[in-house]
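Reading through the structure tokens given below for one structure.
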Amino acid sequence: MTSKRIVLGITGGIAAYKSADLVRRLRERGAEVQVVMTAGAREFITPTTLQAVSHRPVRDSLWDAAAEAAMGHIELARWADLVLVAPATANFMAKLAHGAADDLLTTLCLATKAPVVLAPAMNWAMWEHPATQANKDLLEERGVRLLGPGEGALAESESGVGRMLEPIEIAEAVMSPRIDPALRGVEVVVTAGPTREPIDPVRFISNRSSGKMGYAVARALAEQGAKVTLISGPVALAPPAGVKVQYVESAADMYDAVIHRLEQMDMFVGTAAVADYSPASPAVTKIKKEKGSMELSLARTRDILATVASSGRPIFTVGFAAETNDLETHARNKLRSKKLDMVAANWVGEGRGFDADSNALQVFWPGGSTEIPQDDKLVVARRLVSLIAAHYRRRQEG
Ligand code: C5P
């Protein structure tokens, strides 16, 4: 395993005494751990202890000139493959939810493009408080993953929900591929690739879609235990592991294949670049060339995504929007006009998006948005899928 670089943030709660053990558990599993403490955390555990177990000097201030010279806070934010905050106090969650950057750890969380994972720990009443619950919802909506809290004995001789998960559980959760229970067994149909619209038996109209993003999304959904059917246009890709693939050619074929599955579907992710127009009456025999120019009459195809979204069944629908300009406006319009739960938008043209191995997405849902930075399409797909899972879970909990 290549070593995973983890910034471990420790905030000021009694569970901070367990953080030294957490560092050891993460390192045993091959992680490099850089500890960042808040002022509150230093009241519960010393930097000396954490330096000894992490084998790295602990960072605790934005204003430490020597530490900043060695690795500035923005560099540290980029260094991290993951930012894990354990324990995360109610105060820390509130600050993160509202974008505060008043110490090293909050600043790092704002500056990083890496996934952020929190292991909350607090008194049960603080956890139950509507303010904390609202902050939790907001953070999850933005793609922050929460581990716990668990239920059991708390400090102050009380018990309830608020315990930090055990270090071993946290280490296992962040270091091993996880299955999101929200997606286990969920029937998902994904469309991918281009379509081919026949002009005659040998010619067609198509587009530059490679299908790579859709195949990566199908694979990432299957990794999370979803039952995935991939309806694919013609592409040069191997079928993803654990995914049922049905190959189609035209937009009309893709429409029929998707609608055929409408009754079984819990979720639909339309990544395909479906043709918007198709030759109105394809020739039955090969068209012979003539001297002059020729005109081709095109008819609109049916919108698969919009049909699924307005089918009347509670299908969680995710659309894609490839844009060359005004990305946010077009994406938000699509979300509204097609009545979608989520739109993943990306820039295309000038070597971006289509056929590339990496991608960046701006994801929109009613009332919010987040950015998934440029990375390999599978990495981006996994992050999109965890966002989809969080929103799907919230909708199911209703
Ligand atoms: O409206 P526009 O074509 O830009 O929307 C793109 C989204 O709609 C993609 O998710 C695409 O898969 C889906 N779509 C569809 N059927 C069509 C056209 C687009 O499912 N006929």
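Residues in the structure tokens are named by chain (A, B, ... in the order shown) and by number from 1 within that chain; ligands are numbered from 1 in the order shown.
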
| task | Set the cut-off to 8 Å, count only C-alpha atoms and all ligand atoms, and list whatever residues fall near ligand 1 as a list in words. | result | Thr191, Ala192, Ala251, Tyr255, Val269, Gly270, Thr271, Ala272, Ala273, Val274, Ala275, Asp276, Thr301, Arg302, Asp303, Ile304, Leu305, Ala306, Val318, Gly319, Phe320, Ala321, Ala322, Glu323, Lys334 and Val343 of chain A

Selected residues written out with C-alpha atoms, as a short mmCIF file (atom, residue, chain, number, x, y, z; two decimals), in the first residue's frame:
```cif
data_model
loop_
_atom_site.label_atom_id
_atom_site.label_comp_id
_atom_site.auth_asym_id
_atom_site.auth_seq_id
_atom_site.Cartn_x
_atom_site.Cartn_y
_atom_site.Cartn_z
CA THR A 191 -25.85 5.71 -18.78
CA ALA A 192 -22.46 6.32 -20.34
CA ALA A 251 -30.40 7.67 -28.33
CA TYR A 255 -34.15 5.57 -24.04
CA VAL A 269 -27.19 8.68 -13.08
CA GLY A 270 -27.13 10.04 -16.61
CA THR A 271 -23.52 10.52 -17.64
CA ALA A 272 -24.11 9.64 -21.30
CA ALA A 273 -23.63 12.31 -23.96
CA VAL A 274 -26.96 11.51 -25.58
CA ALA A 275 -27.46 13.02 -29.02
CA ASP A 276 -29.99 15.83 -28.94
CA THR A 301 -34.44 12.94 -29.49
CA ARG A 302 -36.31 12.33 -26.26
CA ASP A 303 -34.65 13.43 -23.02
CA ILE A 304 -33.99 10.25 -21.03
CA LEU A 305 -32.97 12.01 -17.82
CA ALA A 306 -35.97 14.35 -17.74
CA VAL A 318 -28.32 12.78 -11.09
CA GLY A 319 -27.54 14.54 -14.36
CA PHE A 320 -24.32 15.69 -15.93
CA ALA A 321 -23.77 19.01 -17.62
CA ALA A 322 -20.83 19.52 -19.96
CA GLU A 323 -20.46 23.23 -20.54
CA LYS A 334 -30.81 21.98 -15.80
CA VAL A 343 -26.19 17.94 -11.35
#
```

Give me the range 54-169 of chain A side of the contact with range 42-46 of chain A, cut-off 12 Å, one line per residue showing its nearest atom pair and distance in Å at one decimal, counting only C-alpha atoms, sorted by chain and residue number, as a Markdown table.
```
| residue | atom | partner | partner_atom | distance |
| --- | --- | --- | --- | --- |
| A:Pro57 | CA | A:Thr46 | CA | 11.9 |
| A:Val58 | CA | A:Thr46 | CA | 9.7 |
| A:Arg59 | CA | A:Arg42 | CA | 11.3 |
| A:Asp60 | CA | A:Arg42 | CA | 8.9 |
| A:Ser61 | CA | A:Arg42 | CA | 11.6 |
| A:Pro87 | CA | A:Phe44 | CA | 11.3 |
```

| task | Report the distance between CA of Thr112 in chain A and CA of His73 in chain A in Å, rounded to one decimal place. | result | 9.7 Å

| task | Fewer than 2 positions away in the same chain doesn't count, so skip those; otherwise give me all residues within 9 Å of Ala119 in chain A, counting only C-alpha atoms, as a ChimeraX atom specification. | result | /A:84-89,117,121,145-149,164-165,170

| query | Given the choices A:Leu335, A:Ser209, A:Gly233, A:Met294, which gets closest to Asp357 in chain A if the distance is worked out from only C-alpha atoms? | reply | A:Ser209

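Nearest residue to Tyr392 in chain A among A:Ile259, A:Leu230, A:Met342, A:Leu82 is A:Met342, counting only C-alpha atoms.
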
Arg395 in chain A surroundings by only C-alpha atoms, 12 Å radius, close-in-sequence under 2 positions cut, as a PDB file with all heavy atoms, in the first residue's frame:
```pdb
ATOM      1  N   ASP A 137     -25.656  18.366   9.428  1.00  0.00           N
ATOM      2  CA  ASP A 137     -26.337  18.211   8.126  1.00  0.00           C
ATOM      3  C   ASP A 137     -25.624  19.015   7.044  1.00  0.00           C
ATOM      4  O   ASP A 137     -25.404  18.539   5.940  1.00  0.00           O
ATOM      5  CB  ASP A 137     -27.797  18.669   8.214  1.00  0.00           C
ATOM      6  CG  ASP A 137     -28.643  17.702   9.034  1.00  0.00           C
ATOM      7  OD1 ASP A 137     -28.153  16.588   9.304  1.00  0.00           O
ATOM      8  OD2 ASP A 137     -29.769  18.068   9.410  1.00  0.00           O
ATOM      9  N   GLU A 141     -23.799  17.502   3.787  1.00  0.00           N
ATOM     10  CA  GLU A 141     -24.241  17.936   2.453  1.00  0.00           C
ATOM     11  C   GLU A 141     -23.074  18.370   1.589  1.00  0.00           C
ATOM     12  O   GLU A 141     -23.075  18.207   0.386  1.00  0.00           O
ATOM     13  CB  GLU A 141     -25.163  19.151   2.588  1.00  0.00           C
ATOM     14  CG  GLU A 141     -26.600  18.837   2.403  1.00  0.00           C
ATOM     15  CD  GLU A 141     -27.424  20.114   2.410  1.00  0.00           C
ATOM     16  OE1 GLU A 141     -26.926  21.173   2.014  1.00  0.00           O
ATOM     17  OE2 GLU A 141     -28.575  20.015   2.839  1.00  0.00           O
ATOM     18  N   ALA A 182     -25.761   3.343   2.884  1.00  0.00           N
ATOM     19  CA  ALA A 182     -26.854   4.030   2.184  1.00  0.00           C
ATOM     20  C   ALA A 182     -27.028   3.495   0.768  1.00  0.00           C
ATOM     21  O   ALA A 182     -28.108   3.592   0.195  1.00  0.00           O
ATOM     22  CB  ALA A 182     -26.593   5.529   2.138  1.00  0.00           C
ATOM     23  N   ASP A 266     -33.976   2.637  -8.282  1.00  0.00           N
ATOM     24  CA  ASP A 266     -34.006   3.556  -7.125  1.00  0.00           C
ATOM     25  C   ASP A 266     -33.252   4.836  -7.447  1.00  0.00           C
ATOM     26  O   ASP A 266     -33.468   5.862  -6.816  1.00  0.00           O
ATOM     27  CB  ASP A 266     -33.319   2.903  -5.914  1.00  0.00           C
ATOM     28  CG  ASP A 266     -33.988   1.609  -5.505  1.00  0.00           C
ATOM     29  OD1 ASP A 266     -35.218   1.612  -5.382  1.00  0.00           O
ATOM     30  OD2 ASP A 266     -33.270   0.600  -5.326  1.00  0.00           O
ATOM     31  N   MET A 267     -32.319   4.722  -8.386  1.00  0.00           N
ATOM     32  CA  MET A 267     -31.448   5.865  -8.678  1.00  0.00           C
ATOM     33  C   MET A 267     -31.054   5.834 -10.151  1.00  0.00           C
ATOM     34  O   MET A 267     -30.891   4.753 -10.718  1.00  0.00           O
ATOM     35  CB  MET A 267     -30.199   5.757  -7.794  1.00  0.00           C
ATOM     36  CG  MET A 267     -29.253   6.922  -7.888  1.00  0.00           C
ATOM     37  SD  MET A 267     -27.801   6.673  -6.846  1.00  0.00           S
ATOM     38  CE  MET A 267     -28.438   6.880  -5.202  1.00  0.00           C
ATOM     39  N   PRO A 314     -40.204   7.512  -7.078  1.00  0.00           N
ATOM     40  CA  PRO A 314     -39.201   8.266  -6.292  1.00  0.00           C
ATOM     41  C   PRO A 314     -37.766   7.870  -6.663  1.00  0.00           C
ATOM     42  O   PRO A 314     -37.058   7.267  -5.878  1.00  0.00           O
ATOM     43  CB  PRO A 314     -39.533   7.869  -4.849  1.00  0.00           C
ATOM     44  CG  PRO A 314     -40.120   6.503  -4.969  1.00  0.00           C
ATOM     45  CD  PRO A 314     -40.819   6.429  -6.299  1.00  0.00           C
ATOM     46  N   ILE A 315     -37.367   8.206  -7.865  1.00  0.00           N
ATOM     47  CA  ILE A 315     -36.027   7.833  -8.334  1.00  0.00           C
ATOM     48  C   ILE A 315     -35.089   9.018  -8.096  1.00  0.00           C
ATOM     49  O   ILE A 315     -35.390  10.136  -8.506  1.00  0.00           O
ATOM     50  CB  ILE A 315     -36.066   7.461  -9.833  1.00  0.00           C
ATOM     51  CG1 ILE A 315     -37.018   6.272 -10.044  1.00  0.00           C
ATOM     52  CG2 ILE A 315     -34.662   7.151 -10.353  1.00  0.00           C
ATOM     53  CD1 ILE A 315     -37.338   5.976 -11.499  1.00  0.00           C
ATOM     54  N   PHE A 316     -33.974   8.754  -7.398  1.00  0.00           N
ATOM     55  CA  PHE A 316     -32.985   9.814  -7.146  1.00  0.00           C
ATOM     56  C   PHE A 316     -32.226  10.031  -8.458  1.00  0.00           C
ATOM     57  O   PHE A 316     -31.575   9.121  -8.965  1.00  0.00           O
ATOM     58  CB  PHE A 316     -32.042   9.378  -6.022  1.00  0.00           C
ATOM     59  CG  PHE A 316     -31.158  10.472  -5.514  1.00  0.00           C
ATOM     60  CD1 PHE A 316     -31.553  11.264  -4.444  1.00  0.00           C
ATOM     61  CD2 PHE A 316     -29.925  10.713  -6.111  1.00  0.00           C
ATOM     62  CE1 PHE A 316     -30.734  12.286  -3.969  1.00  0.00           C
ATOM     63  CE2 PHE A 316     -29.100  11.731  -5.651  1.00  0.00           C
ATOM     64  CZ  PHE A 316     -29.512  12.511  -4.576  1.00  0.00           C
ATOM     65  N   THR A 317     -32.347  11.220  -9.027  1.00  0.00           N
ATOM     66  CA  THR A 317     -31.782  11.435 -10.367  1.00  0.00           C
ATOM     67  C   THR A 317     -30.597  12.395 -10.336  1.00  0.00           C
ATOM     68  O   THR A 317     -30.662  13.476  -9.749  1.00  0.00           O
ATOM     69  CB  THR A 317     -32.842  12.000 -11.333  1.00  0.00           C
ATOM     70  OG1 THR A 317     -33.511  13.078 -10.697  1.00  0.00           O
ATOM     71  CG2 THR A 317     -33.841  10.948 -11.738  1.00  0.00           C
ATOM     72  N   ASP A 341     -32.229  15.774  -8.697  1.00  0.00           N
ATOM     73  CA  ASP A 341     -31.750  15.873  -7.316  1.00  0.00           C
ATOM     74  C   ASP A 341     -30.334  16.428  -7.280  1.00  0.00           C
ATOM     75  O   ASP A 341     -29.918  17.007  -6.282  1.00  0.00           O
ATOM     76  CB  ASP A 341     -31.781  14.490  -6.659  1.00  0.00           C
ATOM     77  CG  ASP A 341     -33.205  13.995  -6.499  1.00  0.00           C
ATOM     78  OD1 ASP A 341     -33.939  14.599  -5.698  1.00  0.00           O
ATOM     79  OD2 ASP A 341     -33.600  13.052  -7.213  1.00  0.00           O
ATOM     80  N   ILE A 388     -23.376  11.660  -3.468  1.00  0.00           N
ATOM     81  CA  ILE A 388     -24.687  11.108  -3.848  1.00  0.00           C
ATOM     82  C   ILE A 388     -25.248  10.302  -2.670  1.00  0.00           C
ATOM     83  O   ILE A 388     -26.413  10.440  -2.302  1.00  0.00           O
ATOM     84  CB  ILE A 388     -24.577  10.209  -5.112  1.00  0.00           C
ATOM     85  CG1 ILE A 388     -24.249  11.052  -6.342  1.00  0.00           C
ATOM     86  CG2 ILE A 388     -25.850   9.406  -5.333  1.00  0.00           C
ATOM     87  CD1 ILE A 388     -23.969  10.248  -7.625  1.00  0.00           C
ATOM     88  N   ALA A 389     -24.381   9.483  -2.038  1.00  0.00           N
ATOM     89  CA  ALA A 389     -24.832   8.637  -0.922  1.00  0.00           C
ATOM     90  C   ALA A 389     -25.365   9.493   0.223  1.00  0.00           C
ATOM     91  O   ALA A 389     -26.417   9.194   0.792  1.00  0.00           O
ATOM     92  CB  ALA A 389     -23.687   7.755  -0.437  1.00  0.00           C
ATOM     93  N   ALA A 390     -24.653  10.584   0.539  1.00  0.00           N
ATOM     94  CA  ALA A 390     -25.080  11.445   1.655  1.00  0.00           C
ATOM     95  C   ALA A 390     -26.442  12.065   1.358  1.00  0.00           C
ATOM     96  O   ALA A 390     -27.320  12.099   2.220  1.00  0.00           O
ATOM     97  CB  ALA A 390     -24.039  12.528   1.910  1.00  0.00           C
ATOM     98  N   HIS A 391     -26.642  12.520   0.123  1.00  0.00           N
ATOM     99  CA  HIS A 391     -27.918  13.145  -0.235  1.00  0.00           C
ATOM    100  C   HIS A 391     -29.033  12.101  -0.337  1.00  0.00           C
ATOM    101  O   HIS A 391     -30.170  12.358   0.048  1.00  0.00           O
ATOM    102  CB  HIS A 391     -27.781  13.923  -1.549  1.00  0.00           C
ATOM    103  CG  HIS A 391     -27.068  15.229  -1.353  1.00  0.00           C
ATOM    104  ND1 HIS A 391     -27.712  16.428  -1.368  1.00  0.00           N
ATOM    105  CD2 HIS A 391     -25.773  15.499  -1.083  1.00  0.00           C
ATOM    106  CE1 HIS A 391     -26.824  17.394  -1.145  1.00  0.00           C
ATOM    107  NE2 HIS A 391     -25.641  16.857  -0.971  1.00  0.00           N
ATOM    108  N   TYR A 392     -28.686  10.930  -0.850  1.00  0.00           N
ATOM    109  CA  TYR A 392     -29.683   9.861  -0.967  1.00  0.00           C
ATOM    110  C   TYR A 392     -30.150   9.441   0.430  1.00  0.00           C
ATOM    111  O   TYR A 392     -31.335   9.292   0.684  1.00  0.00           O
ATOM    112  CB  TYR A 392     -29.062   8.679  -1.713  1.00  0.00           C
ATOM    113  CG  TYR A 392     -30.030   7.542  -1.954  1.00  0.00           C
ATOM    114  CD1 TYR A 392     -31.084   7.688  -2.846  1.00  0.00           C
ATOM    115  CD2 TYR A 392     -29.906   6.331  -1.280  1.00  0.00           C
ATOM    116  CE1 TYR A 392     -31.978   6.651  -3.067  1.00  0.00           C
ATOM    117  CE2 TYR A 392     -30.784   5.292  -1.498  1.00  0.00           C
ATOM    118  CZ  TYR A 392     -31.818   5.457  -2.391  1.00  0.00           C
ATOM    119  OH  TYR A 392     -32.710   4.432  -2.602  1.00  0.00           O
ATOM    120  N   ARG A 393     -29.178   9.310   1.350  1.00  0.00           N
ATOM    121  CA  ARG A 393     -29.501   8.920   2.733  1.00  0.00           C
ATOM    122  C   ARG A 393     -30.448   9.945   3.354  1.00  0.00           C
ATOM    123  O   ARG A 393     -31.459   9.599   3.956  1.00  0.00           O
ATOM    124  CB  ARG A 393     -28.214   8.813   3.557  1.00  0.00           C
ATOM    125  CG  ARG A 393     -28.437   8.345   4.983  1.00  0.00           C
ATOM    126  CD  ARG A 393     -27.177   8.370   5.831  1.00  0.00           C
ATOM    127  NE  ARG A 393     -26.063   7.691   5.221  1.00  0.00           N
ATOM    128  CZ  ARG A 393     -24.943   8.291   4.831  1.00  0.00           C
ATOM    129  NH1 ARG A 393     -24.790   9.584   4.996  1.00  0.00           N
ATOM    130  NH2 ARG A 393     -23.965   7.597   4.277  1.00  0.00           N
ATOM    131  N   GLU A 397     -34.203   9.377   4.721  1.00  0.00           N
ATOM    132  CA  GLU A 397     -34.567   9.635   6.128  1.00  0.00           C
ATOM    133  C   GLU A 397     -35.665  10.681   6.194  1.00  0.00           C
ATOM    134  O   GLU A 397     -36.306  10.849   7.230  1.00  0.00           O
ATOM    135  CB  GLU A 397     -33.340  10.084   6.908  1.00  0.00           C
ATOM    136  CG  GLU A 397     -32.356   8.950   7.139  1.00  0.00           C
ATOM    137  CD  GLU A 397     -30.986   9.399   7.629  1.00  0.00           C
ATOM    138  OE1 GLU A 397     -30.770  10.627   7.765  1.00  0.00           O
ATOM    139  OE2 GLU A 397     -30.135   8.536   7.866  1.00  0.00           O
ATOM    140  N   GLY A 398     -35.810  11.412   5.092  1.00  0.00           N
ATOM    141  CA  GLY A 398     -36.871  12.320   4.800  1.00  0.00           C
ATOM    142  C   GLY A 398     -37.196  13.434   5.707  1.00  0.00           C
ATOM    143  O   GLY A 398     -38.231  13.841   6.058  1.00  0.00           O
TER     144      GLY A 398
END
```

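Rounded to one decimal, CA of Glu290 in chain A and CA of Phe204 in chain A lie 18.4 Å from each other.
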
| query | Do you have the CA of Gly9 in chain A-CA of Leu105 in chain A distance handy? | reply | 6.4 Å

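When the distance limit is 8 Å and only C-alpha atoms are what count, the residues near Val363 in chain A, minus those fewer than 4 positions from it on the same chain, are Met342, Val343, Ala344, Ala345, Ser369, Thr370, Glu371 and Ile372 of chain A.
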
Keeping all heavy atoms for every residue in the selection just given, could you write it to a file as a PDB file, in the first residue's frame?
```pdb
ATOM      1  N   MET A 342     -29.595  16.233  -8.369  1.00  0.00           N
ATOM      2  CA  MET A 342     -28.196  16.690  -8.381  1.00  0.00           C
ATOM      3  C   MET A 342     -27.702  16.821  -9.820  1.00  0.00           C
ATOM      4  O   MET A 342     -28.116  16.043 -10.685  1.00  0.00           O
ATOM      5  CB  MET A 342     -27.354  15.641  -7.638  1.00  0.00           C
ATOM      6  CG  MET A 342     -26.005  16.086  -7.203  1.00  0.00           C
ATOM      7  SD  MET A 342     -25.168  14.760  -6.296  1.00  0.00           S
ATOM      8  CE  MET A 342     -25.605  15.174  -4.635  1.00  0.00           C
ATOM      9  N   VAL A 343     -26.841  17.796 -10.034  1.00  0.00           N
ATOM     10  CA  VAL A 343     -26.193  17.942 -11.346  1.00  0.00           C
ATOM     11  C   VAL A 343     -24.684  18.050 -11.137  1.00  0.00           C
ATOM     12  O   VAL A 343     -24.220  18.828 -10.305  1.00  0.00           O
ATOM     13  CB  VAL A 343     -26.686  19.200 -12.087  1.00  0.00           C
ATOM     14  CG1 VAL A 343     -25.753  19.555 -13.231  1.00  0.00           C
ATOM     15  CG2 VAL A 343     -28.079  18.983 -12.662  1.00  0.00           C
ATOM     16  N   ALA A 344     -23.937  17.248 -11.867  1.00  0.00           N
ATOM     17  CA  ALA A 344     -22.470  17.331 -11.829  1.00  0.00           C
ATOM     18  C   ALA A 344     -22.028  18.007 -13.117  1.00  0.00           C
ATOM     19  O   ALA A 344     -22.255  17.474 -14.204  1.00  0.00           O
ATOM     20  CB  ALA A 344     -21.878  15.930 -11.712  1.00  0.00           C
ATOM     21  N   ALA A 345     -21.446  19.186 -12.979  1.00  0.00           N
ATOM     22  CA  ALA A 345     -21.104  19.965 -14.168  1.00  0.00           C
ATOM     23  C   ALA A 345     -19.595  20.002 -14.369  1.00  0.00           C
ATOM     24  O   ALA A 345     -18.838  20.049 -13.398  1.00  0.00           O
ATOM     25  CB  ALA A 345     -21.639  21.384 -14.024  1.00  0.00           C
ATOM     26  N   SER A 369     -24.011  23.626  -3.272  1.00  0.00           N
ATOM     27  CA  SER A 369     -23.083  23.158  -4.306  1.00  0.00           C
ATOM     28  C   SER A 369     -21.732  22.881  -3.666  1.00  0.00           C
ATOM     29  O   SER A 369     -21.453  23.339  -2.552  1.00  0.00           O
ATOM     30  CB  SER A 369     -22.911  24.208  -5.400  1.00  0.00           C
ATOM     31  OG  SER A 369     -22.086  25.250  -4.957  1.00  0.00           O
ATOM     32  N   THR A 370     -20.903  22.099  -4.350  1.00  0.00           N
ATOM     33  CA  THR A 370     -19.539  21.867  -3.883  1.00  0.00           C
ATOM     34  C   THR A 370     -18.658  21.578  -5.087  1.00  0.00           C
ATOM     35  O   THR A 370     -19.166  21.309  -6.182  1.00  0.00           O
ATOM     36  CB  THR A 370     -19.470  20.718  -2.851  1.00  0.00           C
ATOM     37  OG1 THR A 370     -18.196  20.735  -2.215  1.00  0.00           O
ATOM     38  CG2 THR A 370     -19.654  19.356  -3.500  1.00  0.00           C
ATOM     39  N   GLU A 371     -17.343  21.632  -4.854  1.00  0.00           N
ATOM     40  CA  GLU A 371     -16.417  21.421  -5.955  1.00  0.00           C
ATOM     41  C   GLU A 371     -15.635  20.139  -5.712  1.00  0.00           C
ATOM     42  O   GLU A 371     -15.213  19.884  -4.581  1.00  0.00           O
ATOM     43  CB  GLU A 371     -15.462  22.624  -5.984  1.00  0.00           C
ATOM     44  CG  GLU A 371     -14.495  22.637  -7.112  1.00  0.00           C
ATOM     45  CD  GLU A 371     -13.346  23.604  -6.817  1.00  0.00           C
ATOM     46  OE1 GLU A 371     -13.583  24.596  -6.103  1.00  0.00           O
ATOM     47  OE2 GLU A 371     -12.235  23.346  -7.258  1.00  0.00           O
ATOM     48  N   ILE A 372     -15.481  19.327  -6.722  1.00  0.00           N
ATOM     49  CA  ILE A 372     -14.584  18.167  -6.624  1.00  0.00           C
ATOM     50  C   ILE A 372     -13.396  18.494  -7.520  1.00  0.00           C
ATOM     51  O   ILE A 372     -13.542  18.598  -8.733  1.00  0.00           O
ATOM     52  CB  ILE A 372     -15.287  16.854  -7.060  1.00  0.00           C
ATOM     53  CG1 ILE A 372     -16.525  16.601  -6.188  1.00  0.00           C
ATOM     54  CG2 ILE A 372     -14.317  15.682  -6.975  1.00  0.00           C
ATOM     55  CD1 ILE A 372     -17.318  15.353  -6.543  1.00  0.00           C
TER      56      ILE A 372
END
```

| task | Give the strand (DSSP E or B) residues of range 211-312 of chain A, as DSSP finds them on the backbone, and put them as a list in words. | result |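 Matching residues for strand (DSSP E or B) in range 211-312 of chain A are Lys227, Val228, Thr229, Leu230, Ile231, Ser232, Lys244, Val245, Gln246, Tyr247, Met267, Phe268, Val269, Gly270, Ala273, Tyr277, Ser278, Pro279, Leu298, Ala299 and Arg300 of chain A.
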